[in-house]
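Printed here is my_file.tsv (TSV, C-alpha atoms):
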```tsv
chain	number	residue	atom	x	y	z
R	1	MET	CA	-43.62	8.43	-107.29
R	2	LYS	CA	-41.95	5.20	-106.24
R	3	ILE	CA	-42.76	1.93	-104.52
R	4	ILE	CA	-41.96	1.60	-100.81
R	5	LYS	CA	-41.75	-1.88	-99.30
R	6	THR	CA	-40.19	-3.42	-96.23
R	7	PRO	CA	-37.67	-2.86	-94.93
R	8	TRP	CA	-38.26	0.90	-95.17
R	9	LYS	CA	-37.37	2.09	-91.67
R	10	ASN	CA	-34.23	3.89	-92.87
R	11	ASP	CA	-36.24	5.70	-95.57
R	12	PHE	CA	-38.79	6.73	-92.96
R	13	LEU	CA	-36.22	8.06	-90.48
R	14	LYS	CA	-34.38	9.93	-93.24
R	15	LEU	CA	-37.60	11.71	-94.23
R	16	VAL	CA	-38.30	12.54	-90.58
R	17	ALA	CA	-34.79	13.96	-90.16
R	18	GLU	CA	-35.22	16.11	-93.28
R	19	SER	CA	-38.55	17.54	-92.12
R	20	SER	CA	-38.42	21.03	-90.60
R	21	VAL	CA	-42.05	21.78	-89.72
R	22	SER	CA	-44.23	18.69	-89.27
R	23	VAL	CA	-44.51	14.94	-89.48
R	24	LYS	CA	-48.11	13.74	-89.57
R	25	ILE	CA	-48.91	10.04	-89.16
R	26	THR	CA	-51.95	7.80	-89.02
R	27	SER	CA	-51.19	4.37	-87.61
R	28	PRO	CA	-53.50	2.09	-85.59
R	29	PHE	CA	-50.55	0.29	-83.99
R	30	VAL	CA	-47.60	2.09	-82.42
R	31	LYS	CA	-44.50	0.79	-80.67
R	32	ALA	CA	-42.37	2.73	-78.20
R	33	ASN	CA	-39.01	1.82	-79.75
R	34	ILE	CA	-40.06	3.27	-83.10
R	35	CYS	CA	-41.31	6.42	-81.36
R	36	ASN	CA	-37.89	6.69	-79.69
R	37	ASP	CA	-36.17	6.46	-83.06
R	38	LEU	CA	-38.59	8.97	-84.57
R	39	LEU	CA	-38.02	11.52	-81.79
R	40	SER	CA	-34.25	11.00	-81.78
R	41	VAL	CA	-33.83	12.09	-85.40
R	42	LYS	CA	-36.45	14.83	-85.72
R	43	LYS	CA	-35.41	18.48	-85.67
R	44	PRO	CA	-36.41	20.59	-82.64
R	45	SER	CA	-38.65	22.67	-84.91
R	46	THR	CA	-40.56	19.65	-86.22
R	47	ARG	CA	-43.89	18.86	-84.58
R	48	ILE	CA	-45.26	15.33	-84.57
R	49	GLU	CA	-48.98	14.69	-84.94
R	50	LEU	CA	-50.06	11.08	-84.58
R	51	ILE	CA	-53.57	9.70	-85.02
R	52	THR	CA	-53.89	6.18	-83.64
R	53	SER	CA	-56.53	3.80	-82.26
R	54	LEU	CA	-56.36	3.72	-78.46
R	55	LYS	CA	-58.28	0.74	-77.14
R	56	LEU	CA	-57.35	-1.22	-74.05
R	57	SER	CA	-57.47	-4.41	-76.12
R	58	ASN	CA	-54.79	-3.03	-78.47
R	59	VAL	CA	-52.65	-1.91	-75.53
R	60	HIS	CA	-52.96	-5.21	-73.66
R	61	ALA	CA	-52.21	-7.19	-76.83
R	62	GLY	CA	-48.98	-5.22	-77.23
R	63	ALA	CA	-50.06	-3.54	-80.46
R	64	VAL	CA	-50.06	-0.04	-78.94
R	65	ASP	CA	-47.43	1.07	-76.43
R	66	LEU	CA	-48.68	3.75	-74.07
R	67	LEU	CA	-45.04	4.67	-73.44
R	68	GLY	CA	-44.63	5.56	-77.12
R	69	LEU	CA	-47.69	7.82	-77.08
R	70	GLU	CA	-46.47	9.37	-73.83
R	71	LYS	CA	-43.05	10.16	-75.33
R	72	ILE	CA	-44.64	11.99	-78.26
R	73	ILE	CA	-46.86	14.01	-75.93
R	74	LYS	CA	-43.90	14.91	-73.69
R	75	ALA	CA	-41.99	16.02	-76.80
R	76	GLU	CA	-44.80	18.56	-77.37
R	77	GLY	CA	-46.36	16.43	-80.08
R	78	ILE	CA	-50.05	15.81	-80.59
R	79	VAL	CA	-51.61	12.36	-80.20
R	80	LYS	CA	-55.22	11.75	-81.19
R	81	ASN	CA	-57.59	8.79	-81.01
R	82	TYR	CA	-59.82	7.58	-83.83
R	83	GLU	CA	-61.16	4.15	-82.93
R	84	LYS	CA	-61.99	3.00	-86.49
R	85	LEU	CA	-58.57	3.88	-87.86
R	86	HIS	CA	-57.02	1.43	-90.31
R	87	SER	CA	-55.04	3.73	-92.64
R	88	LYS	CA	-51.29	4.21	-92.49
R	89	ILE	CA	-50.26	7.64	-93.79
R	90	TYR	CA	-46.92	9.37	-93.31
R	91	LEU	CA	-46.71	13.07	-94.25
R	92	PHE	CA	-43.48	15.05	-94.16
R	93	ASP	CA	-43.71	18.86	-94.10
R	94	GLU	CA	-46.93	18.45	-96.11
R	95	GLU	CA	-44.67	18.08	-99.16
R	96	LYS	CA	-43.92	14.36	-99.25
R	97	VAL	CA	-46.12	11.40	-98.45
R	98	ILE	CA	-46.00	7.65	-97.96
R	99	VAL	CA	-49.27	5.71	-98.07
R	100	THR	CA	-48.60	2.14	-97.04
R	101	SER	CA	-49.87	-0.98	-95.29
R	102	GLY	CA	-47.17	-0.63	-92.61
R	103	ASN	CA	-47.87	0.44	-89.03
R	104	LEU	CA	-45.49	2.46	-86.84
R	105	THR	CA	-44.00	-0.78	-85.52
R	106	ASN	CA	-41.05	-3.07	-86.20
R	107	GLY	CA	-43.42	-5.30	-88.13
R	108	GLY	CA	-44.68	-2.42	-90.23
R	109	LEU	CA	-41.25	-0.93	-90.96
R	110	LEU	CA	-38.96	-3.96	-90.97
R	111	ASN	CA	-40.32	-7.47	-90.55
R	112	ASN	CA	-43.67	-7.91	-92.33
R	113	PHE	CA	-44.13	-7.70	-96.08
R	114	GLU	CA	-45.61	-4.22	-96.32
R	115	TYR	CA	-46.20	-2.32	-99.53
R	116	GLY	CA	-46.90	1.30	-100.35
R	117	LEU	CA	-46.15	4.35	-102.47
R	118	TYR	CA	-44.00	7.44	-101.94
R	119	SER	CA	-44.88	10.64	-103.73
R	120	GLU	CA	-43.90	14.32	-103.94
R	121	ASP	CA	-46.67	15.12	-106.44
R	122	LYS	CA	-48.14	18.42	-105.21
R	123	ASP	CA	-51.75	17.66	-106.10
R	124	LEU	CA	-51.64	14.18	-104.59
R	125	VAL	CA	-49.89	15.36	-101.41
R	126	ALA	CA	-52.35	18.24	-101.07
R	127	GLN	CA	-55.27	15.79	-101.21
R	128	VAL	CA	-53.71	13.58	-98.54
R	129	VAL	CA	-53.04	16.63	-96.34
R	130	GLU	CA	-56.67	17.68	-96.73
R	131	ASP	CA	-57.89	14.19	-95.79
R	132	PHE	CA	-55.54	14.00	-92.81
R	133	ASN	CA	-56.68	17.40	-91.52
R	134	LYS	CA	-60.34	16.42	-91.93
R	135	LEU	CA	-59.73	13.26	-89.91
R	136	SER	CA	-57.81	15.22	-87.27
R	137	LYS	CA	-60.75	17.60	-86.84
R	138	ASP	CA	-63.48	14.96	-87.14
R	139	LYS	CA	-65.97	14.86	-84.25
R	140	GLN	CA	-65.07	11.18	-83.71
R	141	THR	CA	-61.39	12.10	-83.25
R	142	SER	CA	-60.31	13.17	-79.78
R	143	GLN	CA	-56.98	14.36	-78.41
R	144	ILE	CA	-55.19	12.14	-75.91
R	145	LYS	CA	-53.65	13.93	-72.92
R	146	GLN	CA	-51.05	12.78	-70.42
R	147	GLY	CA	-53.79	12.30	-67.82
R	148	ASP	CA	-55.57	9.86	-70.16
R	149	ILE	CA	-52.35	7.85	-70.52
R	150	ASN	CA	-51.89	7.77	-66.75
R	151	THR	CA	-55.44	6.52	-66.16
R	152	ALA	CA	-55.14	3.82	-68.85
R	153	LYS	CA	-51.90	2.63	-67.22
R	154	LYS	CA	-53.59	2.37	-63.82
R	155	ILE	CA	-56.49	0.36	-65.25
R	156	LEU	CA	-54.13	-2.14	-66.87
R	157	GLU	CA	-52.06	-2.37	-63.69
R	158	ASN	CA	-55.21	-3.26	-61.75
R	159	ILE	CA	-55.89	-6.39	-63.79
R	160	PRO	CA	-55.50	-9.21	-61.26
R	161	LYS	CA	-52.52	-11.46	-61.94
R	162	SER	CA	-54.86	-14.46	-61.97
R	163	GLN	CA	-57.10	-12.85	-64.56
R	164	ALA	CA	-55.59	-13.92	-67.85
R	165	LEU	CA	-57.07	-12.05	-70.77
R	166	PRO	CA	-57.60	-14.07	-73.97
R	167	PHE	CA	-55.09	-12.36	-76.27
R	168	PRO	CA	-52.41	-13.91	-78.49
R	169	ASP	CA	-48.73	-13.39	-77.74
R	170	PHE	CA	-48.22	-11.39	-80.94
R	171	PRO	CA	-49.80	-8.10	-82.02
R	172	LEU	CA	-52.53	-8.48	-84.59
R	173	GLU	CA	-51.90	-6.28	-87.66
R	174	SER	CA	-55.52	-6.24	-88.85
R	175	PRO	CA	-58.03	-5.92	-85.98
R	176	ASP	CA	-61.16	-6.56	-88.08
R	177	ASN	CA	-62.93	-8.79	-85.57
R	178	GLN	CA	-65.09	-6.46	-83.51
R	179	GLU	CA	-65.34	-8.89	-80.60
R	180	GLU	CA	-61.53	-8.83	-80.20
R	181	GLU	CA	-61.83	-5.13	-79.36
R	182	VAL	CA	-63.59	-5.94	-76.06
R	183	VAL	CA	-61.48	-6.95	-73.06
R	184	ASN	CA	-62.71	-9.30	-70.36
R	185	LEU	CA	-61.89	-6.79	-67.65
R	186	SER	CA	-63.92	-6.53	-64.47
R	187	ALA	CA	-65.62	-3.27	-63.62
R	188	GLU	CA	-63.94	-3.42	-60.21
R	189	ALA	CA	-60.48	-3.33	-61.81
R	190	ILE	CA	-61.49	-0.26	-63.81
R	191	LEU	CA	-63.20	1.51	-60.90
R	192	ALA	CA	-60.06	1.30	-58.78
R	193	SER	CA	-58.40	3.70	-61.24
R	194	LEU	CA	-61.22	6.24	-61.54
R	195	ASN	CA	-62.58	8.95	-59.28
R	196	GLY	CA	-65.06	11.81	-59.16
R	197	TRP	CA	-67.31	12.40	-62.16
R	198	LYS	CA	-65.42	9.91	-64.28
R	199	LYS	CA	-66.08	7.14	-61.78
R	200	GLU	CA	-69.77	8.05	-61.43
R	201	VAL	CA	-70.33	8.12	-65.20
R	202	PHE	CA	-68.54	4.79	-65.59
R	203	ILE	CA	-70.77	3.21	-62.90
R	204	CYS	CA	-73.89	4.43	-64.71
R	205	VAL	CA	-72.70	3.30	-68.13
R	206	ASN	CA	-71.65	-0.07	-66.72
R	207	SER	CA	-75.19	-0.55	-65.40
R	208	ILE	CA	-76.62	-0.33	-68.93
R	209	PRO	CA	-77.13	-4.01	-69.81
R	210	ASN	CA	-76.16	-3.93	-73.50
R	211	GLN	CA	-72.65	-3.62	-74.93
R	212	HIS	CA	-73.93	-0.86	-77.20
R	213	PHE	CA	-75.77	2.13	-75.76
R	214	THR	CA	-76.93	5.57	-76.82
R	215	LEU	CA	-76.37	9.05	-75.50
R	216	GLN	CA	-80.06	9.19	-74.60
R	217	GLU	CA	-79.61	6.15	-72.36
R	218	ALA	CA	-76.74	7.92	-70.61
R	219	TYR	CA	-78.92	11.03	-70.19
R	220	LYS	CA	-81.41	8.95	-68.19
R	221	PHE	CA	-79.00	9.28	-65.26
R	222	GLN	CA	-79.38	13.06	-65.31
R	223	GLU	CA	-81.52	13.13	-62.17
R	224	TYR	CA	-79.02	10.96	-60.31
R	225	PHE	CA	-76.17	13.33	-61.17
R	226	SER	CA	-78.26	16.34	-60.25
R	227	ASN	CA	-78.64	14.87	-56.75
R	228	VAL	CA	-74.93	13.99	-56.44
R	229	TYR	CA	-73.71	17.30	-57.91
R	230	PRO	CA	-76.51	19.80	-57.20
R	231	GLU	CA	-74.23	22.75	-57.95
R	232	ASN	CA	-73.82	21.66	-61.59
R	233	THR	CA	-76.54	23.08	-63.85
R	234	ARG	CA	-75.25	21.59	-67.10
R	235	ILE	CA	-75.49	17.88	-66.40
R	236	LYS	CA	-75.96	16.76	-70.02
R	237	ASP	CA	-72.86	18.66	-71.13
R	238	LYS	CA	-70.89	17.07	-68.31
R	239	ILE	CA	-72.07	13.57	-69.24
R	240	ARG	CA	-70.95	14.09	-72.84
R	241	GLN	CA	-67.61	15.41	-71.63
R	242	LEU	CA	-67.04	12.39	-69.40
R	243	LEU	CA	-68.01	9.94	-72.15
R	244	GLN	CA	-65.32	11.62	-74.23
R	245	GLN	CA	-62.81	11.12	-71.42
R	246	LEU	CA	-63.71	7.43	-71.16
R	247	ARG	CA	-63.06	7.20	-74.91
R	248	ASN	CA	-59.65	8.79	-74.46
R	249	ILE	CA	-58.51	6.06	-72.07
R	250	GLY	CA	-59.69	3.28	-74.38
R	251	LEU	CA	-62.87	2.25	-72.56
R	252	LEU	CA	-65.48	3.48	-75.06
R	253	GLU	CA	-65.83	3.65	-78.80
R	254	PHE	CA	-67.95	6.36	-80.37
R	255	LEU	CA	-69.91	4.87	-83.25
R	256	GLY	CA	-71.48	8.12	-84.43
R	257	ASN	CA	-74.97	9.61	-84.19
R	258	GLY	CA	-75.03	9.36	-80.40
R	259	ASN	CA	-74.13	5.64	-80.30
R	260	TYR	CA	-71.39	4.15	-78.15
R	261	LYS	CA	-69.80	0.77	-77.56
R	262	LYS	CA	-68.34	-0.42	-74.25
R	263	LEU	CA	-64.87	-1.93	-74.73
R	264	TRP	CA	-64.98	-4.02	-71.56
R	265	LYS	CA	-67.28	-6.76	-70.36
```
Would you mind writing the file's structure down as structure tokens?
Amino acid sequence: MKIIKTPWKNDFLKLVAESSVSVKITSPFVKANICNDLLSVKKPSTRIELITSLKLSNVHAGAVDLLGLEKIIKAEGIVKNYEKLHSKIYLFDEEKVIVTSGNLTNGGLLNNFEYGLYSEDKDLVAQVVEDFNKLSKDKQTSQIKQGDINTAKKILENIPKSQALPFPDFPLESPDNQEEEVVNLSAEAILASLNGWKKEVFICVNSIPNQHFTLQEAYKFQEYFSNVYPENTRIKDKIRQLLQQLRNIGLLEFLGNGNYKKLWK
């Protein structure tokens, strides 16, 4: 076991290059240039699995680059979304681990004062692997697909030039303020990027007056959907599926036990 502190980018890339099977990462913030470096040194046999926190507020603030996530997906990696993520874990072939304060960003690897530990202890690594796999399979964790990235891009492109969103010019490294997670983005700007079921579910959810809502409140629109899509006999299942898709493009946060939070207002 040894201490890892910034700058540790070279250590990170060396461990990636030495990995033959997998590199597993949890990082709320992700930058495209670091993803480029990661993919440029990894072996063809090595699969990347990244768990991050995809919220439109993080993307618009510059803390998460959709391009970076897209590059990992196109390289046949796996990208997943867990909205409450704050941990930074780096696993290499499930044999070596770094647990640190540093995100997958220039700040986290080079510029900020970040601090962590590197270990090859089998018992410790096995525990971290178990925890990572539990998080990866958690019901609040969802896989991000290329279509989700494309839709999120369209939504951000539809923000009117005159509509300045109140974000700082630097990425926040500790998004603990829950209100900062909500973007002042008009429903019209979002609707222009949606269609079909996804658009209809968004309209219904947007009509719920509170920022927080429950699955039961969403189910109240069941009759409406039955009239719009009379051929569908599993309306509740479809509503749950579409809520999941709205999560995957950064518009909703699943709070657990059938509770959701809208990430726009």
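Take atom CA of Lys154 of chain R and atom CA of Leu191 of chain R: the distance between them is 10.1 Å.
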How close does segment 85-127 of chain R get to segment 7-29 of chain R? List, as a tab-separated table, each residue of segment 85-127 of chain R within 10 Å, its nearest atom pair and the distance in Å to one decimal, counting all atoms listed in the file.
```
residue	atom	partner	partner_atom	distance
R:Leu85	CA	R:Pro28	CA	5.8
R:His86	CA	R:Pro28	CA	5.9
R:Ser87	CA	R:Thr26	CA	6.3
R:Lys88	CA	R:Ser27	CA	4.9
R:Ile89	CA	R:Thr26	CA	5.1
R:Tyr90	CA	R:Ile25	CA	4.7
R:Leu91	CA	R:Lys24	CA	4.9
R:Phe92	CA	R:Val23	CA	4.8
R:Asp93	CA	R:Ser22	CA	4.9
R:Glu94	CA	R:Ser22	CA	7.4
R:Glu95	CA	R:Ser19	CA	9.3
R:Lys96	CA	R:Leu15	CA	8.5
R:Val97	CA	R:Lys24	CA	9.4
R:Ile98	CA	R:Phe12	CA	8.8
R:Val99	CA	R:Thr26	CA	9.7
R:Ser101	CA	R:Ser27	CA	9.5
R:Gly102	CA	R:Ser27	CA	8.1
R:Asn103	CA	R:Ser27	CA	5.3
R:Leu104	CA	R:Ser27	CA	6.1
R:Thr105	CA	R:Phe29	CA	6.8
R:Asn106	CA	R:Lys9	CA	8.4
R:Gly107	CA	R:Pro7	CA	9.2
R:Gly108	CA	R:Pro7	CA	8.5
R:Leu109	CA	R:Lys9	CA	5.0
R:Leu110	CA	R:Pro7	CA	4.3
R:Asn111	CA	R:Pro7	CA	6.9
R:Asn112	CA	R:Pro7	CA	8.3
R:Phe113	CA	R:Pro7	CA	8.2
R:Glu114	CA	R:Pro7	CA	8.2
R:Tyr115	CA	R:Trp8	CA	9.6
```
Leaving out Leu69 of chain R and any residue of its chain fewer than 5 positions from it, which residues lie within 9 Å of it when counting only C-alpha atoms, given as a PDB file with C-alpha atoms, keeping the file's coordinate frame?
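Listing of result-v3.pdb after writing:
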```pdb
ATOM      1  CA  VAL R  30     -47.600   2.090 -82.420  1.00  0.00           C
ATOM      2  CA  LYS R  31     -44.500   0.790 -80.670  1.00  0.00           C
ATOM      3  CA  ALA R  32     -42.370   2.730 -78.200  1.00  0.00           C
ATOM      4  CA  CYS R  35     -41.310   6.420 -81.360  1.00  0.00           C
ATOM      5  CA  LEU R  50     -50.060  11.080 -84.580  1.00  0.00           C
ATOM      6  CA  VAL R  64     -50.060  -0.040 -78.940  1.00  0.00           C
ATOM      7  CA  LYS R  74     -43.900  14.910 -73.690  1.00  0.00           C
ATOM      8  CA  VAL R  79     -51.610  12.360 -80.200  1.00  0.00           C
ATOM      9  CA  ILE R 144     -55.190  12.140 -75.910  1.00  0.00           C
ATOM     10  CA  GLN R 146     -51.050  12.780 -70.420  1.00  0.00           C
ATOM     11  CA  ILE R 149     -52.350   7.850 -70.520  1.00  0.00           C
TER      12      ILE R 149
END
```
Subject >> Residue with smallest distance to Met1 of chain R - pool R:Asn33, R:Leu117, R:Ser45, R:His60, counting only C-alpha atoms >> reply: R:Leu117
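For the pair atom CA of Ile51 of chain R and atom CA of Ile78 of chain R, the separation is 8.3 Å.
The space separating atom CA of Glu70 of chain R from atom CA of Gly147 of chain R comes to 9.9 Å.
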